[in-house]
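S.K.: Structure: run-v2.pdb, PDB, C-alpha atoms.
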MODEL        1
ATOM      1  CA  MET A   1     143.683 125.337 105.235
ATOM      2  CA  ALA A   2     145.657 125.870 108.448
ATOM      3  CA  GLN A   3     142.986 124.649 110.870
ATOM      4  CA  SER A   4     141.819 121.626 108.889
ATOM      5  CA  THR A   5     143.765 119.225 111.105
ATOM      6  CA  ALA A   6     143.074 121.059 114.359
ATOM      7  CA  ALA A   7     139.870 119.271 115.421
ATOM      8  CA  PRO A   8     140.693 116.125 117.403
ATOM      9  CA  MET A   9     138.856 113.087 116.052
ATOM     10  CA  PRO A  10     137.486 110.655 118.634
ATOM     11  CA  THR A  11     138.839 107.219 117.839
ATOM     12  CA  ILE A  12     135.641 105.324 118.680
ATOM     13  CA  GLN A  13     132.411 106.990 117.665
ATOM     14  CA  THR A  14     129.356 105.772 119.458
ATOM     15  CA  VAL A  15     126.249 106.729 117.535
ATOM     16  CA  THR A  16     123.611 108.403 119.675
ATOM     17  CA  PRO A  17     120.136 107.059 118.854
ATOM     18  CA  LEU A  18     117.627 109.619 117.607
ATOM     19  CA  PRO A  19     115.096 110.249 120.396
ATOM     20  CA  LEU A  20     111.772 108.518 119.757
ATOM     21  CA  ARG A  21     109.807 111.672 120.579
ATOM     22  CA  THR A  22     111.305 113.522 117.629
ATOM     23  CA  LEU A  23     111.051 110.522 115.334
ATOM     24  CA  ALA A  24     107.439 109.524 116.090
ATOM     25  CA  PRO A  25     105.548 112.360 114.314
ATOM     26  CA  TRP A  26     107.654 111.945 111.175
ATOM     27  CA  ALA A  27     107.287 108.188 111.243
ATOM     28  CA  VAL A  28     103.512 108.287 111.655
ATOM     29  CA  PHE A  29     102.780 110.986 109.082
ATOM     30  CA  PHE A  30     105.247 109.993 106.396
ATOM     31  CA  GLY A  31     104.848 106.291 107.113
ATOM     32  CA  VAL A  32     101.149 106.576 106.261
ATOM     33  CA  LEU A  33     101.901 108.742 103.215
ATOM     34  CA  MET A  34     104.410 106.197 101.883
ATOM     35  CA  LEU A  35     101.917 103.363 102.441
ATOM     36  CA  VAL A  36      99.370 105.304 100.360
ATOM     37  CA  LEU A  37     101.934 105.503  97.539
ATOM     38  CA  LEU A  38     102.569 101.757  97.830
ATOM     39  CA  TYR A  39      98.824 101.154  97.734
ATOM     40  CA  PHE A  40      98.465 103.045  94.460
ATOM     41  CA  VAL A  41     101.333 101.162  92.843
ATOM     42  CA  GLY A  42     100.418  97.783  94.312
ATOM     43  CA  ALA A  43      96.683  97.378  94.746
ATOM     44  CA  GLU A  44      94.497 100.288  93.500
ATOM     45  CA  GLN A  45      91.871  99.124  90.987
ATOM     46  CA  GLY A  46      92.941  95.561  91.649
ATOM     47  CA  ALA A  47      91.708  94.085  94.906
ATOM     48  CA  THR A  48      89.945  97.309  95.890
ATOM     49  CA  ALA A  49      89.442 100.688  94.243
ATOM     50  CA  VAL A  50      89.271 104.267  95.462
ATOM     51  CA  LEU A  51      89.079 105.703  91.958
ATOM     52  CA  SER A  52      86.709 104.318  89.363
ATOM     53  CA  GLY A  53      87.864 102.884  86.072
ATOM     54  CA  GLU A  54      90.995 100.997  85.074
ATOM     55  CA  GLY A  55      93.413 103.862  84.360
ATOM     56  CA  VAL A  56      95.726 103.509  87.353
ATOM     57  CA  HIS A  57      95.757  99.718  87.078
ATOM     58  CA  GLU A  58      96.589  99.775  83.378
ATOM     59  CA  TRP A  59      99.222 102.506  83.734
ATOM     60  CA  VAL A  60     101.291 100.758  86.456
ATOM     61  CA  HIS A  61     100.389  97.286  85.081
ATOM     62  CA  ASP A  62     103.916  96.110  84.220
ATOM     63  CA  SER A  63     105.551  97.404  87.385
ATOM     64  CA  ARG A  64     102.823  95.867  89.526
ATOM     65  CA  HIS A  65     103.455  92.446  87.996
ATOM     66  CA  LEU A  66     107.236  92.721  88.119
ATOM     67  CA  LEU A  67     107.362  94.041  91.700
ATOM     68  CA  GLY A  68     105.489  90.940  92.831
ATOM     69  CA  PHE A  69     102.026  92.334  93.599
ATOM     70  CA  PRO A  70      98.988  90.328  92.505
ATOM     71  CA  CYS A  71      97.711  92.382  89.558
ATOM     72  CA  HIS A  72      94.599  90.725  88.172
TER      73      HIS A  72
ATOM     74  CA  MET B   1     120.196 115.169 116.776
ATOM     75  CA  ASN B   2     116.810 116.766 116.310
ATOM     76  CA  SER B   3     113.859 116.794 113.973
ATOM     77  CA  VAL B   4     115.936 118.612 111.358
ATOM     78  CA  THR B   5     118.101 115.496 111.145
ATOM     79  CA  VAL B   6     115.052 113.276 110.740
ATOM     80  CA  ARG B   7     113.726 115.537 107.994
ATOM     81  CA  THR B   8     117.066 115.592 106.173
ATOM     82  CA  LEU B   9     117.405 111.821 106.403
ATOM     83  CA  LEU B  10     113.838 111.318 105.217
ATOM     84  CA  VAL B  11     114.378 113.569 102.196
ATOM     85  CA  ARG B  12     117.644 111.843 101.371
ATOM     86  CA  GLY B  13     116.019 108.434 101.777
ATOM     87  CA  MET B  14     113.334 109.365  99.280
ATOM     88  CA  LEU B  15     115.954 110.738  96.876
ATOM     89  CA  ALA B  16     118.029 107.564  97.220
ATOM     90  CA  GLY B  17     114.847 105.579  96.590
ATOM     91  CA  LEU B  18     114.192 107.626  93.466
ATOM     92  CA  GLY B  19     117.713 106.946  92.176
ATOM     93  CA  ALA B  20     117.330 103.253  92.986
ATOM     94  CA  GLY B  21     113.994 103.289  91.157
ATOM     95  CA  VAL B  22     115.705 104.610  88.026
ATOM     96  CA  LEU B  23     118.233 101.765  88.104
ATOM     97  CA  ALA B  24     115.467  99.246  88.782
ATOM     98  CA  PHE B  25     113.549 100.633  85.791
ATOM     99  CA  VAL B  26     116.540 100.141  83.482
ATOM    100  CA  PHE B  27     116.921  96.569  84.745
ATOM    101  CA  ALA B  28     113.175  95.904  84.484
ATOM    102  CA  TYR B  29     112.968  97.283  80.966
ATOM    103  CA  LEU B  30     115.917  95.202  79.766
ATOM    104  CA  VAL B  31     115.225  91.969  81.658
ATOM    105  CA  GLY B  32     111.587  91.992  82.756
ATOM    106  CA  GLU B  33     109.688  93.094  79.668
ATOM    107  CA  GLY B  34     110.573  89.983  77.641
ATOM    108  CA  PRO B  35     108.851  87.554  80.030
ATOM    109  CA  VAL B  36     105.889  89.971  80.428
ATOM    110  CA  ASN B  37     105.385  90.072  76.660
ATOM    111  CA  ALA B  38     105.689  86.292  76.422
ATOM    112  CA  ALA B  39     103.004  85.938  79.096
ATOM    113  CA  ILE B  40     100.702  88.402  77.304
ATOM    114  CA  ALA B  41     101.182  86.448  74.065
ATOM    115  CA  PHE B  42     100.145  83.270  75.911
ATOM    116  CA  GLU B  43      97.159  85.091  77.394
ATOM    117  CA  GLU B  44      95.967  86.288  74.009
ATOM    118  CA  ALA B  45      96.445  82.890  72.382
ATOM    119  CA  ASN B  46      94.407  81.163  75.099
ATOM    120  CA  SER B  47      91.713  83.639  76.032
ATOM    121  CA  HIS B  48      88.383  84.064  74.290
ATOM    122  CA  GLU B  49      87.196  87.182  76.061
ATOM    123  CA  HIS B  50      90.199  89.428  75.496
ATOM    124  CA  GLY B  51      90.684  91.522  72.392
ATOM    125  CA  GLY B  52      88.805  94.677  73.387
ATOM    126  CA  GLU B  53      90.327  98.121  72.997
ATOM    127  CA  GLU B  54      93.358  98.902  75.149
ATOM    128  CA  LEU B  55      93.108 101.687  77.682
ATOM    129  CA  VAL B  56      96.892 102.073  77.834
ATOM    130  CA  SER B  57      98.966 100.769  74.940
ATOM    131  CA  ARG B  58     101.652  98.144  75.509
ATOM    132  CA  SER B  59     104.376 100.555  74.418
ATOM    133  CA  LEU B  60     103.290 103.028  77.120
ATOM    134  CA  GLN B  61     102.865 100.314  79.761
ATOM    135  CA  SER B  62     106.372  98.990  79.159
ATOM    136  CA  THR B  63     108.063 102.416  79.283
ATOM    137  CA  ALA B  64     106.343 105.357  80.993
ATOM    138  CA  GLY B  65     103.971 103.145  82.965
ATOM    139  CA  LEU B  66     106.749 100.844  84.154
ATOM    140  CA  ALA B  67     108.910 103.852  85.068
ATOM    141  CA  THR B  68     106.066 105.510  87.008
ATOM    142  CA  GLY B  69     105.414 102.416  89.058
ATOM    143  CA  LEU B  70     109.053 101.727  89.864
ATOM    144  CA  LEU B  71     109.931 105.355  90.687
ATOM    145  CA  VAL B  72     106.918 105.787  92.978
ATOM    146  CA  PHE B  73     107.688 102.436  94.599
ATOM    147  CA  GLY B  74     111.338 103.507  95.006
ATOM    148  CA  VAL B  75     110.385 106.795  96.684
ATOM    149  CA  ALA B  76     107.920 105.024  98.985
ATOM    150  CA  ILE B  77     110.287 102.292 100.156
ATOM    151  CA  GLY B  78     113.053 104.906 100.382
ATOM    152  CA  GLY B  79     110.953 106.949 102.786
ATOM    153  CA  ILE B  80     109.931 103.949 104.871
ATOM    154  CA  ALA B  81     113.487 102.597 104.989
ATOM    155  CA  ALA B  82     114.826 106.040 105.970
ATOM    156  CA  LEU B  83     112.403 106.142 108.915
ATOM    157  CA  ALA B  84     113.410 102.595 109.884
ATOM    158  CA  PHE B  85     117.047 103.706 109.598
ATOM    159  CA  CYS B  86     116.390 106.660 111.946
ATOM    160  CA  PHE B  87     115.050 104.201 114.494
ATOM    161  CA  ALA B  88     117.755 101.573 113.982
ATOM    162  CA  LEU B  89     120.678 103.976 114.132
ATOM    163  CA  GLY B  90     122.525 103.371 117.392
ATOM    164  CA  ARG B  91     119.946 100.828 118.556
ATOM    165  CA  ILE B  92     120.968  97.627 116.765
ATOM    166  CA  GLY B  93     124.612  97.489 117.805
ATOM    167  CA  ARG B  94     127.771  99.396 117.078
ATOM    168  CA  PHE B  95     127.190 100.198 113.437
ATOM    169  CA  GLY B  96     127.914 103.509 111.747
ATOM    170  CA  ALA B  97     125.664 105.263 109.253
ATOM    171  CA  ARG B  98     126.714 103.292 106.191
ATOM    172  CA  ALA B  99     126.524  99.886 107.851
ATOM    173  CA  THR B 100     123.133 100.712 109.379
ATOM    174  CA  ALA B 101     121.860 101.830 105.963
ATOM    175  CA  ALA B 102     123.122  98.635 104.331
ATOM    176  CA  LEU B 103     121.535  96.474 107.045
ATOM    177  CA  THR B 104     118.245  98.389 106.787
ATOM    178  CA  ALA B 105     118.178  97.834 103.020
ATOM    179  CA  LEU B 106     119.030  94.156 103.448
ATOM    180  CA  ALA B 107     116.252  93.756 106.004
ATOM    181  CA  GLY B 108     113.846  95.548 103.662
ATOM    182  CA  PHE B 109     114.704  93.275 100.758
ATOM    183  CA  LEU B 110     114.392  90.125 102.851
ATOM    184  CA  LEU B 111     111.310  91.000 104.917
ATOM    185  CA  LEU B 112     109.260  93.015 102.427
ATOM    186  CA  TYR B 113     110.069  90.973  99.335
ATOM    187  CA  LEU B 114     112.137  87.798  99.443
ATOM    188  CA  VAL B 115     110.458  85.977 102.339
ATOM    189  CA  PRO B 116     106.874  86.840 101.217
ATOM    190  CA  ILE B 117     107.477  85.816  97.593
ATOM    191  CA  LEU B 118     108.850  82.430  98.646
ATOM    192  CA  LYS B 119     105.229  81.678  99.545
ATOM    193  CA  TYR B 120     103.426  83.903  97.033
ATOM    194  CA  PRO B 121     105.767  84.473  94.076
ATOM    195  CA  ALA B 122     105.345  87.221  91.499
ATOM    196  CA  ASN B 123     102.936  86.213  88.740
ATOM    197  CA  PRO B 124     103.056  87.369  85.116
ATOM    198  CA  PRO B 125      99.916  88.327  83.183
ATOM    199  CA  ALA B 126      97.713  85.272  82.442
ATOM    200  CA  VAL B 127      98.698  83.634  85.751
ATOM    201  CA  GLY B 128      96.033  84.205  88.372
ATOM    202  CA  ASP B 129      92.254  84.104  88.262
ATOM    203  CA  PRO B 130      90.841  87.685  88.284
ATOM    204  CA  ASP B 131      88.010  86.473  90.521
ATOM    205  CA  THR B 132      90.456  85.680  93.345
ATOM    206  CA  ILE B 133      92.434  88.952  93.191
ATOM    207  CA  GLY B 134      91.018  90.128  96.539
ATOM    208  CA  LYS B 135      91.992  86.948  98.344
ATOM    209  CA  ARG B 136      95.437  86.812  96.754
ATOM    210  CA  THR B 137      96.194  90.442  97.597
ATOM    211  CA  LEU B 138      95.067  89.910 101.189
ATOM    212  CA  LEU B 139      97.253  86.818 101.569
ATOM    213  CA  PHE B 140     100.253  88.606 100.059
ATOM    214  CA  VAL B 141      99.881  91.573 102.435
ATOM    215  CA  LEU B 142      99.365  89.165 105.344
ATOM    216  CA  MET B 143     102.562  87.313 104.419
ATOM    217  CA  ILE B 144     104.494  90.608 104.282
ATOM    218  CA  ALA B 145     103.089  91.646 107.676
ATOM    219  CA  LEU B 146     104.032  88.272 109.226
ATOM    220  CA  SER B 147     107.496  88.447 107.728
ATOM    221  CA  VAL B 148     108.088  91.965 109.110
ATOM    222  CA  LEU B 149     106.755  91.098 112.572
ATOM    223  CA  LEU B 150     108.861  87.936 112.750
ATOM    224  CA  GLY B 151     111.876  89.914 111.545
ATOM    225  CA  ILE B 152     111.452  92.463 114.334
ATOM    226  CA  ALA B 153     110.938  89.670 116.874
ATOM    227  CA  THR B 154     114.139  88.034 115.615
ATOM    228  CA  VAL B 155     116.198  91.183 116.180
ATOM    229  CA  LEU B 156     114.738  91.579 119.684
ATOM    230  CA  LEU B 157     115.459  87.928 120.472
ATOM    231  CA  GLY B 158     119.025  88.226 119.188
ATOM    232  CA  ARG B 159     119.634  91.343 121.279
ATOM    233  CA  ARG B 160     118.203  89.586 124.327
ATOM    234  CA  LEU B 161     120.383  86.502 123.922
ATOM    235  CA  ALA B 162     123.580  88.310 122.920
ATOM    236  CA  PRO B 163     124.924  89.238 126.397
ATOM    237  CA  ALA B 164     124.784  85.651 127.641
ATOM    238  CA  TRP B 165     125.472  83.693 124.436
ATOM    239  CA  GLY B 166     127.734  86.056 122.504
ATOM    240  CA  ASN B 167     126.868  87.702 119.189
ATOM    241  CA  TRP B 168     127.655  84.668 117.021
ATOM    242  CA  ASN B 169     125.550  82.115 118.885
ATOM    243  CA  ALA B 170     122.761  84.599 119.566
ATOM    244  CA  SER B 171     122.546  85.370 115.830
ATOM    245  CA  ILE B 172     122.411  81.693 114.936
ATOM    246  CA  ALA B 173     119.700  81.003 117.521
ATOM    247  CA  ALA B 174     117.600  84.016 116.492
ATOM    248  CA  GLY B 175     118.072  83.220 112.783
ATOM    249  CA  THR B 176     117.005  79.615 113.320
ATOM    250  CA  ALA B 177     113.936  80.770 115.230
ATOM    251  CA  PHE B 178     113.081  83.128 112.335
ATOM    252  CA  VAL B 179     113.383  80.411 109.679
ATOM    253  CA  THR B 180     111.302  78.018 111.802
ATOM    254  CA  MET B 181     108.517  80.533 112.405
ATOM    255  CA  VAL B 182     108.442  81.567 108.728
ATOM    256  CA  ALA B 183     108.257  77.893 107.726
ATOM    257  CA  VAL B 184     105.311  77.354 110.074
ATOM    258  CA  ALA B 185     103.534  80.427 108.659
ATOM    259  CA  MET B 186     104.112  79.190 105.108
ATOM    260  CA  ALA B 187     102.802  75.730 105.958
ATOM    261  CA  VAL B 188      99.639  77.125 107.560
ATOM    262  CA  LEU B 189      98.719  79.748 104.943
ATOM    263  CA  PRO B 190      96.779  78.515 101.876
ATOM    264  CA  SER B 191      98.575  77.756  98.622
ATOM    265  CA  GLY B 192      98.952  80.524  96.081
ATOM    266  CA  ASP B 193      99.199  78.279  93.051
ATOM    267  CA  ASN B 194      97.041  79.415  90.164
ATOM    268  CA  THR B 195      99.101  78.813  87.057
ATOM    269  CA  PRO B 196      96.911  77.974  84.044
ATOM    270  CA  LYS B 197      97.458  74.656  82.248
ATOM    271  CA  GLY B 198     100.067  74.849  79.545
ATOM    272  CA  PHE B 199     101.747  78.058  80.705
ATOM    273  CA  PRO B 200     105.431  77.682  79.712
ATOM    274  CA  ALA B 201     107.552  76.886  82.789
ATOM    275  CA  THR B 202     110.510  78.723  81.306
ATOM    276  CA  ASP B 203     108.521  81.952  80.973
ATOM    277  CA  LEU B 204     107.367  81.648  84.564
ATOM    278  CA  TRP B 205     110.931  81.076  85.788
ATOM    279  CA  GLU B 206     112.305  83.963  83.749
ATOM    280  CA  PHE B 207     109.558  86.296  84.909
ATOM    281  CA  ARG B 208     110.116  85.419  88.555
ATOM    282  CA  THR B 209     113.906  85.685  88.411
ATOM    283  CA  ALA B 210     113.494  89.060  86.655
ATOM    284  CA  SER B 211     111.217  90.147  89.506
ATOM    285  CA  ILE B 212     113.780  89.070  92.112
ATOM    286  CA  GLY B 213     116.482  90.878  90.134
ATOM    287  CA  ILE B 214     114.483  94.113  90.014
ATOM    288  CA  GLN B 215     113.938  94.126  93.760
ATOM    289  CA  ALA B 216     117.564  93.173  94.419
ATOM    290  CA  VAL B 217     118.797  96.052  92.226
ATOM    291  CA  LEU B 218     116.366  98.433  93.895
ATOM    292  CA  TRP B 219     117.289  97.592  97.480
ATOM    293  CA  ALA B 220     121.024  97.281  96.850
ATOM    294  CA  ALA B 221     121.139 100.626  95.065
ATOM    295  CA  PHE B 222     119.059 102.189  97.810
ATOM    296  CA  GLY B 223     121.273 100.824 100.589
ATOM    297  CA  LEU B 224     124.480 102.061  98.988
ATOM    298  CA  LEU B 225     123.143 105.462  97.878
ATOM    299  CA  PHE B 226     121.383 106.171 101.142
ATOM    300  CA  GLY B 227     124.397 105.020 103.176
ATOM    301  CA  PHE B 228     126.541 107.532 101.316
ATOM    302  CA  LEU B 229     124.012 110.361 101.725
ATOM    303  CA  ALA B 230     123.240 109.577 105.374
ATOM    304  CA  GLU B 231     126.894 109.411 106.364
ATOM    305  CA  ARG B 232     127.420 112.927 105.036
ATOM    306  CA  VAL B 233     124.632 114.175 107.303
ATOM    307  CA  LEU B 234     125.542 112.240 110.433
ATOM    308  CA  GLU B 235     129.318 112.056 110.301
ATOM    309  CA  PRO B 236     130.545 115.199 108.562
ATOM    310  CA  ARG B 237     134.315 114.992 108.320
ATOM    311  CA  PRO B 238     136.861 117.564 107.235
ATOM    312  CA  ALA B 239     139.005 116.495 104.293
ATOM    313  CA  ARG B 240     141.951 114.813 105.976
ATOM    314  CA  SER B 241     144.039 113.429 103.168
ATOM    315  CA  PRO B 242     146.250 116.101 101.591
ATOM    316  CA  ALA B 243     146.605 113.952  98.462
ATOM    317  CA  SER B 244     142.916 114.338  97.580
ATOM    318  CA  THR B 245     142.987 118.127  97.961
ATOM    319  CA  VAL B 246     146.154 118.440  95.884
ATOM    320  CA  ALA B 247     144.504 116.592  93.040
ATOM    321  CA  ALA B 248     141.592 119.025  93.103
TER     322      ALA B 248
ENDMDL
END
Represent the supplied structure as structure tokens.

M.R.:
Amino acid sequence: MAQSTAAPMPTIQTVTPLPLRTLAPWAVFFGVLMLVLLYFVGAEQGATAVLSGEGVHEWVHDSRHLLGFPCH
Amino acid sequence: MNSVTVRTLLVRGMLAGLGAGVLAFVFAYLVGEGPVNAAIAFEEANSHEHGGEELVSRSLQSTAGLATGLLVFGVAIGGIAALAFCFALGRIGRFGARATAALTALAGFLLLYLVPILKYPANPPAVGDPDTIGKRTLLFVLMIALSVLLGIATVLLGRRLAPAWGNWNASIAAGTAFVTMVAVAMAVLPSGDNTPKGFPATDLWEFRTASIGIQAVLWAAFGLLFGFLAERVLEPRPARSPASTVAA
């Protein structure tokens, strides 16, 4: 524990922005993936349907209502 | 600062969203299920076509189903908010990791939920004609998109005005512009009213306040959890206070 105080701390930390070129692929790929998740919670088998039947709609029924999505 | 940081932040955002989803589920189960059940009772007392077999029982819908929806929603908004955080960090002013996380969560709550539901509020079962579900979903998504775009425009406007007007006045001007534009959008978009005759106003109020509460719990928990997790990635600090190490 001798060197724990050795590193000088800068008094004002300016946060360096993350470069857009590293962020963009993550944002595009995972942004789309997250939107797909939102779609299945919020709208699948309601306004439109990818899967047939009512299973998804009925299963997330209460959360869809309570999160504010139009359910049926 | 590289893609490893983005990946770590994204994973932590989704984990924070999952934790927030758990808290939101507890709140929803305790506060939201009562109004939902009251609405279903109204629906069954007033409908002549209902009464077929249930695909998913009410006891499953109100527990496992509710939890599934809220946890998946939590993970999804956690991921999106983490990506927004990665962009906002160091670009919206002199805020550290925690403050940026809190502001991102606040923006998410306002732009993705609170502003859109002022025009198209959450509706319990029995409220809403099934024949108009497509139109209502489209309008709701449109309202969210408008709210997000106007929110981004507001931040840009505020940043543009700040050097000349100062932060305080620039924020007031940009905020006023946001409220005005949202009000115009709300006035232009068609009404979302479709409450059936005789639906108890108290049930509607309790359902909608429960919905606001769920989203408030979710976003607040996310902002605080993610701020804590993100700070440990971005600003790792050696333990400075000897008192805390003595206690351990």

S.K.: Neighbouring residues of Asp193 (chain B) were defined as those with any atom within 10 Å, considering all atoms listed in the file; residues of the same chain fewer than 3 positions away were excluded. Please report them as an MDAnalysis selection string.

M.R.: chainID B and resid 119:121 123 127:128 190 196

S.K.: Counting all atoms listed in the file, note down every residue that has an atom within 12 Å of the point (92.1, 102.9, 98.3) (file coordinates), as a list of chain:residue names.

M.R.: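 Final list of nearby residues, as requested, is A:Leu35, A:Val36, A:Leu37, A:Leu38, A:Tyr39, A:Phe40, A:Val41, A:Gly42, A:Ala43, A:Glu44, A:Gln45, A:Gly46, A:Ala47, A:Thr48, A:Ala49, A:Val50, A:Leu51, A:Ser52, A:Val56.
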
S.K.: Restricting the output to C-alpha atoms, write the selected residues as a PDB file, keeping the file's coordinate frame.

M.R.:
ATOM      1  CA  LEU A  35     101.917 103.363 102.441  1.00  0.00           C
ATOM      2  CA  VAL A  36      99.370 105.304 100.360  1.00  0.00           C
ATOM      3  CA  LEU A  37     101.934 105.503  97.539  1.00  0.00           C
ATOM      4  CA  LEU A  38     102.569 101.757  97.830  1.00  0.00           C
ATOM      5  CA  TYR A  39      98.824 101.154  97.734  1.00  0.00           C
ATOM      6  CA  PHE A  40      98.465 103.045  94.460  1.00  0.00           C
ATOM      7  CA  VAL A  41     101.333 101.162  92.843  1.00  0.00           C
ATOM      8  CA  GLY A  42     100.418  97.783  94.312  1.00  0.00           C
ATOM      9  CA  ALA A  43      96.683  97.378  94.746  1.00  0.00           C
ATOM     10  CA  GLU A  44      94.497 100.288  93.500  1.00  0.00           C
ATOM     11  CA  GLN A  45      91.871  99.124  90.987  1.00  0.00           C
ATOM     12  CA  GLY A  46      92.941  95.561  91.649  1.00  0.00           C
ATOM     13  CA  ALA A  47      91.708  94.085  94.906  1.00  0.00           C
ATOM     14  CA  THR A  48      89.945  97.309  95.890  1.00  0.00           C
ATOM     15  CA  ALA A  49      89.442 100.688  94.243  1.00  0.00           C
ATOM     16  CA  VAL A  50      89.271 104.267  95.462  1.00  0.00           C
ATOM     17  CA  LEU A  51      89.079 105.703  91.958  1.00  0.00           C
ATOM     18  CA  SER A  52      86.709 104.318  89.363  1.00  0.00           C
ATOM     19  CA  VAL A  56      95.726 103.509  87.353  1.00  0.00           C
TER      20      VAL A  56
END

S.K.: Find the residues in chain A near chain B: any atom within 8 Å counts, using only C-alpha atoms. Write them as a PyMOL selection string.

M.R.: chain A and resi 4-5+14-20+22-23+26-27+30-31+34-35+37-38+41+43+46-48+54-55+58-72

S.K.: Using Å and a single decimal, report how far CA of Gly108 (chain B) sits from CA of Ala145 (chain B).

M.R.: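 One can read the CA of Ala145 (chain B) to CA of Gly108 (chain B) distance as 12.1 Å.
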
S.K.: Interatomic distance between CA of Pro25 (chain A) and CA of Gly158 (chain B)?

M.R.: 28.1 Å

S.K.: From the set B:Phe178, B:Leu224, B:Leu218, B:Ala230, which residue has the shortest atom-to-atom contact distance to Ala24 (chain B), counting only C-alpha atoms?

M.R.: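 For Ala24 (chain B), the nearest of the given residues is B:Leu218.
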
S.K.: Distance CA of Phe29 (chain A)-CA of Ala99 (chain B), one decimal place?

M.R.: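 Straight-line distance from CA of Phe29 (chain A) to CA of Ala99 (chain B) works out to 26.2 Å.
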